[in-house]
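As structure tokens, the structure follows; a few thoughts come after it.
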Amino acid sequence: QKEVEQNSGPLSVPEGAIASLNCTYSDRGSQSFFWYRQYSGKSPELIMFIYSNGDKEDGRFTAQLNKASQYVSLLIRDSQPSDSATYLCAVNPSSGGSNYKLTFGKGTLLTVNP
Amino acid sequence: GAVVSQHPSRVICKSGTSVKIECRSLDFQATTMFWYRQFPKKSLMLMATSNEGSKATYEQGVEKDKFLINHASLTLSTLTVTSAHPEDSSFYICSAQPTSGGSNEQFFGPGTRLTVL
């Protein structure tokens with residue numbers, strides 16, 4: 001069974017700090033990785049995706065992928081109270097053009113304290 | 001770009017009735033759309049994969065005769081919950097995967113909250 005594991009949290013950080021969210025996956029053949037943010041009562045919103053080992057930065061967000069260790073992480077710099085949400089890690093077994101379904105982790109609840 | 005809409009956003013119905021939920025990709029074409037269900041404080045559960053012009057693929061444990069999916073065009077998929085019962089009350093969310101572009105991100109609709117009395 002292909003699994004995606006996340007610490008459910010809650011992860012609590014002070015405003016302005018770096019929040020670090022981690023995710024591990026069991027399918028070694030996984031090719032693409034996604035981070036979604038979900039506010040309470042709302043649907044998920046895509047934050048970032050990453051396909052290659054290393055870091056990918058977009059504004060205050062940095063995704064890190066290590067395929068050898070089968071983990072992907074999301075760093076949020078200068079955390080704001082508006083970042084408080086559940087962050088979902090999702091893994092797709094293939095990259096580019098195919099309609100493969102995503103396997104979601106259960107999400108990590110992040111709370112940023114003012 | 002990559003906007004997905006759902007209608008209705010909220011529906012309350014009596015037990016035994018059928019409810020249709022529409023999912024539309026507004027600014028892109030989507031050969032594939034996905035339907036999820038999420039119970040309070042639980043994770044997203046994939047119900048089925050909807051492919052334009054062909055039958056949907058249902059996940060294990062999801063009754064295809066109860067959750068009817070139609071994907072008649074590249075921008076519209078519908079989910080019909082037939083003979084709804086209180087245990088079907090949930091947050092139903094669709095996502096769409098752009099046909100072009102070579103990537104496989106999924107963009108989510110805002111969700112439909114179904115309450116069956």
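Labels used: A, B, ... for chains in the order of the structure tokens, numbers from 1 for residues in each chain, and numbers from 1 for ligands as shown.
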
key: Test item: chain A residues at most 12 Å from chain B, counting only C-alpha atoms, as an NGL selection string   = :A and (4-6 or 8 or 31-51 or 86-109)

Residue contacts of region 72-75 of chain B (7 Å, only C-alpha atoms) excluding same-chain residues fewer than 6 positions away, as a ChimeraX atom specification = /B:24-25,29-31,52-53

Requested write-out: all heavy atoms of the selected residues, as a PDB file, in the first residue's frame:
ATOM      1  N   ARG B  24     -16.646  22.406 -12.493  1.00  0.00           N
ATOM      2  CA  ARG B  24     -16.245  23.001 -13.766  1.00  0.00           C
ATOM      3  C   ARG B  24     -14.843  23.576 -13.697  1.00  0.00           C
ATOM      4  O   ARG B  24     -14.486  24.263 -12.738  1.00  0.00           O
ATOM      5  CB  ARG B  24     -17.191  24.139 -14.167  1.00  0.00           C
ATOM      6  CG  ARG B  24     -18.597  23.711 -14.488  1.00  0.00           C
ATOM      7  CD  ARG B  24     -19.447  24.899 -14.907  1.00  0.00           C
ATOM      8  NE  ARG B  24     -20.842  24.489 -15.094  1.00  0.00           N
ATOM      9  CZ  ARG B  24     -21.339  24.026 -16.231  1.00  0.00           C
ATOM     10  NH1 ARG B  24     -20.551  23.907 -17.300  1.00  0.00           N
ATOM     11  NH2 ARG B  24     -22.607  23.687 -16.319  1.00  0.00           N
ATOM     12  N   SER B  25     -14.046  23.285 -14.712  1.00  0.00           N
ATOM     13  CA  SER B  25     -12.767  23.988 -14.865  1.00  0.00           C
ATOM     14  C   SER B  25     -13.048  25.215 -15.729  1.00  0.00           C
ATOM     15  O   SER B  25     -13.545  25.096 -16.841  1.00  0.00           O
ATOM     16  CB  SER B  25     -11.718  23.074 -15.511  1.00  0.00           C
ATOM     17  OG  SER B  25     -12.180  22.567 -16.759  1.00  0.00           O
ATOM     18  N   GLN B  29      -8.857  23.147 -19.848  1.00  0.00           N
ATOM     19  CA  GLN B  29      -9.537  21.893 -20.119  1.00  0.00           C
ATOM     20  C   GLN B  29      -8.965  20.794 -19.235  1.00  0.00           C
ATOM     21  O   GLN B  29      -7.755  20.769 -18.975  1.00  0.00           O
ATOM     22  CB  GLN B  29      -9.384  21.518 -21.597  1.00  0.00           C
ATOM     23  CG  GLN B  29     -10.136  22.454 -22.522  1.00  0.00           C
ATOM     24  CD  GLN B  29     -10.061  22.020 -23.979  1.00  0.00           C
ATOM     25  OE1 GLN B  29      -9.093  21.397 -24.388  1.00  0.00           O
ATOM     26  NE2 GLN B  29     -11.076  22.349 -24.757  1.00  0.00           N
ATOM     27  N   ALA B  30      -9.826  19.908 -18.809  1.00  0.00           N
ATOM     28  CA  ALA B  30      -9.408  18.847 -17.896  1.00  0.00           C
ATOM     29  C   ALA B  30      -9.968  17.516 -18.376  1.00  0.00           C
ATOM     30  O   ALA B  30     -11.164  17.266 -18.254  1.00  0.00           O
ATOM     31  CB  ALA B  30      -9.880  19.146 -16.476  1.00  0.00           C
ATOM     32  N   THR B  31      -9.091  16.703 -18.931  1.00  0.00           N
ATOM     33  CA  THR B  31      -9.517  15.361 -19.323  1.00  0.00           C
ATOM     34  C   THR B  31      -9.880  14.533 -18.096  1.00  0.00           C
ATOM     35  O   THR B  31     -10.757  13.684 -18.139  1.00  0.00           O
ATOM     36  CB  THR B  31      -8.382  14.651 -20.087  1.00  0.00           C
ATOM     37  OG1 THR B  31      -7.976  15.468 -21.180  1.00  0.00           O
ATOM     38  CG2 THR B  31      -8.825  13.297 -20.600  1.00  0.00           C
ATOM     39  N   GLU B  52     -13.006  12.162 -19.067  1.00  0.00           N
ATOM     40  CA  GLU B  52     -13.907  12.662 -20.097  1.00  0.00           C
ATOM     41  C   GLU B  52     -14.167  11.604 -21.160  1.00  0.00           C
ATOM     42  O   GLU B  52     -13.224  11.010 -21.695  1.00  0.00           O
ATOM     43  CB  GLU B  52     -13.308  13.929 -20.737  1.00  0.00           C
ATOM     44  CG  GLU B  52     -14.222  14.618 -21.717  1.00  0.00           C
ATOM     45  CD  GLU B  52     -13.999  14.167 -23.154  1.00  0.00           C
ATOM     46  OE1 GLU B  52     -12.905  13.655 -23.447  1.00  0.00           O
ATOM     47  OE2 GLU B  52     -14.920  14.354 -23.973  1.00  0.00           O
ATOM     48  N   GLY B  53     -15.429  11.336 -21.386  1.00  0.00           N
ATOM     49  CA  GLY B  53     -15.824  10.414 -22.444  1.00  0.00           C
ATOM     50  C   GLY B  53     -15.738   8.942 -22.093  1.00  0.00           C
ATOM     51  O   GLY B  53     -15.977   8.088 -22.949  1.00  0.00           O
TER      52      GLY B  53
END

Non-local contacts of region 53-56 of chain A (7 Å; only C-alpha atoms; under 2 positions in same chain excluded) as a PDB file with N, CA and C atoms, in the first residue's frame:
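Contents of out13.pdb, freshly written:
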ATOM      1  N   ILE A  50       7.147  19.957  -6.549  1.00  0.00           N
ATOM      2  CA  ILE A  50       8.572  19.735  -6.768  1.00  0.00           C
ATOM      3  C   ILE A  50       8.764  18.372  -7.383  1.00  0.00           C
ATOM      4  N   TYR A  51       9.656  18.303  -8.374  1.00  0.00           N
ATOM      5  CA  TYR A  51       9.900  17.051  -9.066  1.00  0.00           C
ATOM      6  C   TYR A  51      11.331  16.535  -8.858  1.00  0.00           C
ATOM      7  N   ASP A  58       9.781  29.595  -3.508  1.00  0.00           N
ATOM      8  CA  ASP A  58       8.753  30.465  -4.076  1.00  0.00           C
ATOM      9  C   ASP A  58       8.292  31.398  -2.967  1.00  0.00           C
ATOM     10  N   THR A  62       9.705  27.215   0.760  1.00  0.00           N
ATOM     11  CA  THR A  62      10.744  26.397   0.149  1.00  0.00           C
ATOM     12  C   THR A  62      10.366  24.942   0.309  1.00  0.00           C
ATOM     13  N   ALA A  63      10.289  24.247  -0.812  1.00  0.00           N
ATOM     14  CA  ALA A  63      10.075  22.806  -0.777  1.00  0.00           C
ATOM     15  C   ALA A  63      11.419  22.118  -0.930  1.00  0.00           C
ATOM     16  N   GLN A  64      11.611  21.049  -0.178  1.00  0.00           N
ATOM     17  CA  GLN A  64      12.853  20.288  -0.241  1.00  0.00           C
ATOM     18  C   GLN A  64      12.508  18.829  -0.509  1.00  0.00           C
ATOM     19  N   LEU A  65      13.222  18.239  -1.447  1.00  0.00           N
ATOM     20  CA  LEU A  65      12.962  16.846  -1.812  1.00  0.00           C
ATOM     21  C   LEU A  65      14.233  16.034  -1.722  1.00  0.00           C
ATOM     22  N   ASN A  66      14.134  14.875  -1.084  1.00  0.00           N
ATOM     23  CA  ASN A  66      15.241  13.932  -1.012  1.00  0.00           C
ATOM     24  C   ASN A  66      14.674  12.559  -1.357  1.00  0.00           C
ATOM     25  N   LYS A  67      14.845  12.174  -2.603  1.00  0.00           N
ATOM     26  CA  LYS A  67      14.248  10.912  -3.069  1.00  0.00           C
ATOM     27  C   LYS A  67      14.939   9.701  -2.443  1.00  0.00           C
TER      28      LYS A  67
END

message = Using DSSP assignments from the backbone, pull out every residue in region 22-64 of chain A that falls under strand (DSSP E or B) and give it to me as a PyMOL selection string.
response = chain A and resi 22-25+32-38+45-50+54-58+61-64

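Here CA of Leu110 (chain A) and CA of Val3 (chain B) stand 25.5 Å from one another.
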
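Pairwise distance (CA of Ala56 (chain B), CA of Asp88 (chain B)) equals 19.5 Å.
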
message = I want to know what sits within 10 Å of Gly16 (chain A), based on only C-alpha atoms, with residues of the same chain fewer than 5 positions away left out; could you give that as a VMD selection string?
response = chain A and resid 76 to 81 112 to 114

key: Close residues, Thr78 (chain B) itself excluded, 7 Å, only C-alpha atoms, min 4 positions apart in chain, as a PyMOL selection string   = chain B and resi 20-23+69-71

Now that the selection is made, can you save its residues with all heavy atoms as a PDB file, in the first residue's frame?
ATOM      1  N   LYS B  20     -27.240  16.462  -7.148  1.00  0.00           N
ATOM      2  CA  LYS B  20     -26.227  16.549  -8.201  1.00  0.00           C
ATOM      3  C   LYS B  20     -25.278  17.691  -7.899  1.00  0.00           C
ATOM      4  O   LYS B  20     -25.714  18.808  -7.609  1.00  0.00           O
ATOM      5  CB  LYS B  20     -26.862  16.767  -9.562  1.00  0.00           C
ATOM      6  CG  LYS B  20     -25.835  16.887 -10.693  1.00  0.00           C
ATOM      7  CD  LYS B  20     -26.457  17.314 -12.017  1.00  0.00           C
ATOM      8  CE  LYS B  20     -27.000  16.163 -12.782  1.00  0.00           C
ATOM      9  NZ  LYS B  20     -27.406  16.548 -14.160  1.00  0.00           N
ATOM     10  N   ILE B  21     -23.993  17.404  -7.995  1.00  0.00           N
ATOM     11  CA  ILE B  21     -22.955  18.412  -7.761  1.00  0.00           C
ATOM     12  C   ILE B  21     -22.167  18.584  -9.050  1.00  0.00           C
ATOM     13  O   ILE B  21     -21.744  17.593  -9.662  1.00  0.00           O
ATOM     14  CB  ILE B  21     -22.007  17.983  -6.626  1.00  0.00           C
ATOM     15  CG1 ILE B  21     -22.794  17.731  -5.338  1.00  0.00           C
ATOM     16  CG2 ILE B  21     -20.940  19.050  -6.395  1.00  0.00           C
ATOM     17  CD1 ILE B  21     -21.962  17.071  -4.241  1.00  0.00           C
ATOM     18  N   GLU B  22     -21.981  19.834  -9.463  1.00  0.00           N
ATOM     19  CA  GLU B  22     -21.239  20.118 -10.689  1.00  0.00           C
ATOM     20  C   GLU B  22     -19.841  20.618 -10.375  1.00  0.00           C
ATOM     21  O   GLU B  22     -19.637  21.389  -9.429  1.00  0.00           O
ATOM     22  CB  GLU B  22     -21.955  21.183 -11.517  1.00  0.00           C
ATOM     23  CG  GLU B  22     -23.270  20.738 -12.109  1.00  0.00           C
ATOM     24  CD  GLU B  22     -23.856  21.784 -13.044  1.00  0.00           C
ATOM     25  OE1 GLU B  22     -23.342  22.927 -13.058  1.00  0.00           O
ATOM     26  OE2 GLU B  22     -24.825  21.466 -13.747  1.00  0.00           O
ATOM     27  N   CYS B  23     -18.895  20.206 -11.180  1.00  0.00           N
ATOM     28  CA  CYS B  23     -17.513  20.660 -11.068  1.00  0.00           C
ATOM     29  C   CYS B  23     -17.077  21.159 -12.436  1.00  0.00           C
ATOM     30  O   CYS B  23     -17.150  20.424 -13.419  1.00  0.00           O
ATOM     31  CB  CYS B  23     -16.634  19.500 -10.619  1.00  0.00           C
ATOM     32  SG  CYS B  23     -14.870  19.878 -10.512  1.00  0.00           S
ATOM     33  N   ILE B  69     -21.139   9.322 -11.614  1.00  0.00           N
ATOM     34  CA  ILE B  69     -20.253  10.354 -12.141  1.00  0.00           C
ATOM     35  C   ILE B  69     -20.382  10.412 -13.653  1.00  0.00           C
ATOM     36  O   ILE B  69     -20.359   9.383 -14.332  1.00  0.00           O
ATOM     37  CB  ILE B  69     -18.791  10.065 -11.741  1.00  0.00           C
ATOM     38  CG1 ILE B  69     -18.632  10.254 -10.230  1.00  0.00           C
ATOM     39  CG2 ILE B  69     -17.825  10.976 -12.501  1.00  0.00           C
ATOM     40  CD1 ILE B  69     -17.290   9.810  -9.695  1.00  0.00           C
ATOM     41  N   ASN B  70     -20.511  11.631 -14.144  1.00  0.00           N
ATOM     42  CA  ASN B  70     -20.579  11.867 -15.583  1.00  0.00           C
ATOM     43  C   ASN B  70     -19.594  12.959 -15.947  1.00  0.00           C
ATOM     44  O   ASN B  70     -19.563  14.010 -15.311  1.00  0.00           O
ATOM     45  CB  ASN B  70     -22.008  12.276 -15.980  1.00  0.00           C
ATOM     46  CG  ASN B  70     -22.131  12.463 -17.475  1.00  0.00           C
ATOM     47  OD1 ASN B  70     -21.771  13.496 -18.021  1.00  0.00           O
ATOM     48  ND2 ASN B  70     -22.618  11.439 -18.145  1.00  0.00           N
ATOM     49  N   HIS B  71     -18.774  12.697 -16.948  1.00  0.00           N
ATOM     50  CA  HIS B  71     -17.760  13.670 -17.373  1.00  0.00           C
ATOM     51  C   HIS B  71     -17.939  13.872 -18.873  1.00  0.00           C
ATOM     52  O   HIS B  71     -17.208  13.315 -19.678  1.00  0.00           O
ATOM     53  CB  HIS B  71     -16.367  13.110 -17.036  1.00  0.00           C
ATOM     54  CG  HIS B  71     -15.269  14.109 -17.123  1.00  0.00           C
ATOM     55  ND1 HIS B  71     -14.096  13.966 -16.407  1.00  0.00           N
ATOM     56  CD2 HIS B  71     -15.125  15.244 -17.830  1.00  0.00           C
ATOM     57  CE1 HIS B  71     -13.296  14.972 -16.672  1.00  0.00           C
ATOM     58  NE2 HIS B  71     -13.887  15.754 -17.536  1.00  0.00           N
TER      59      HIS B  71
END
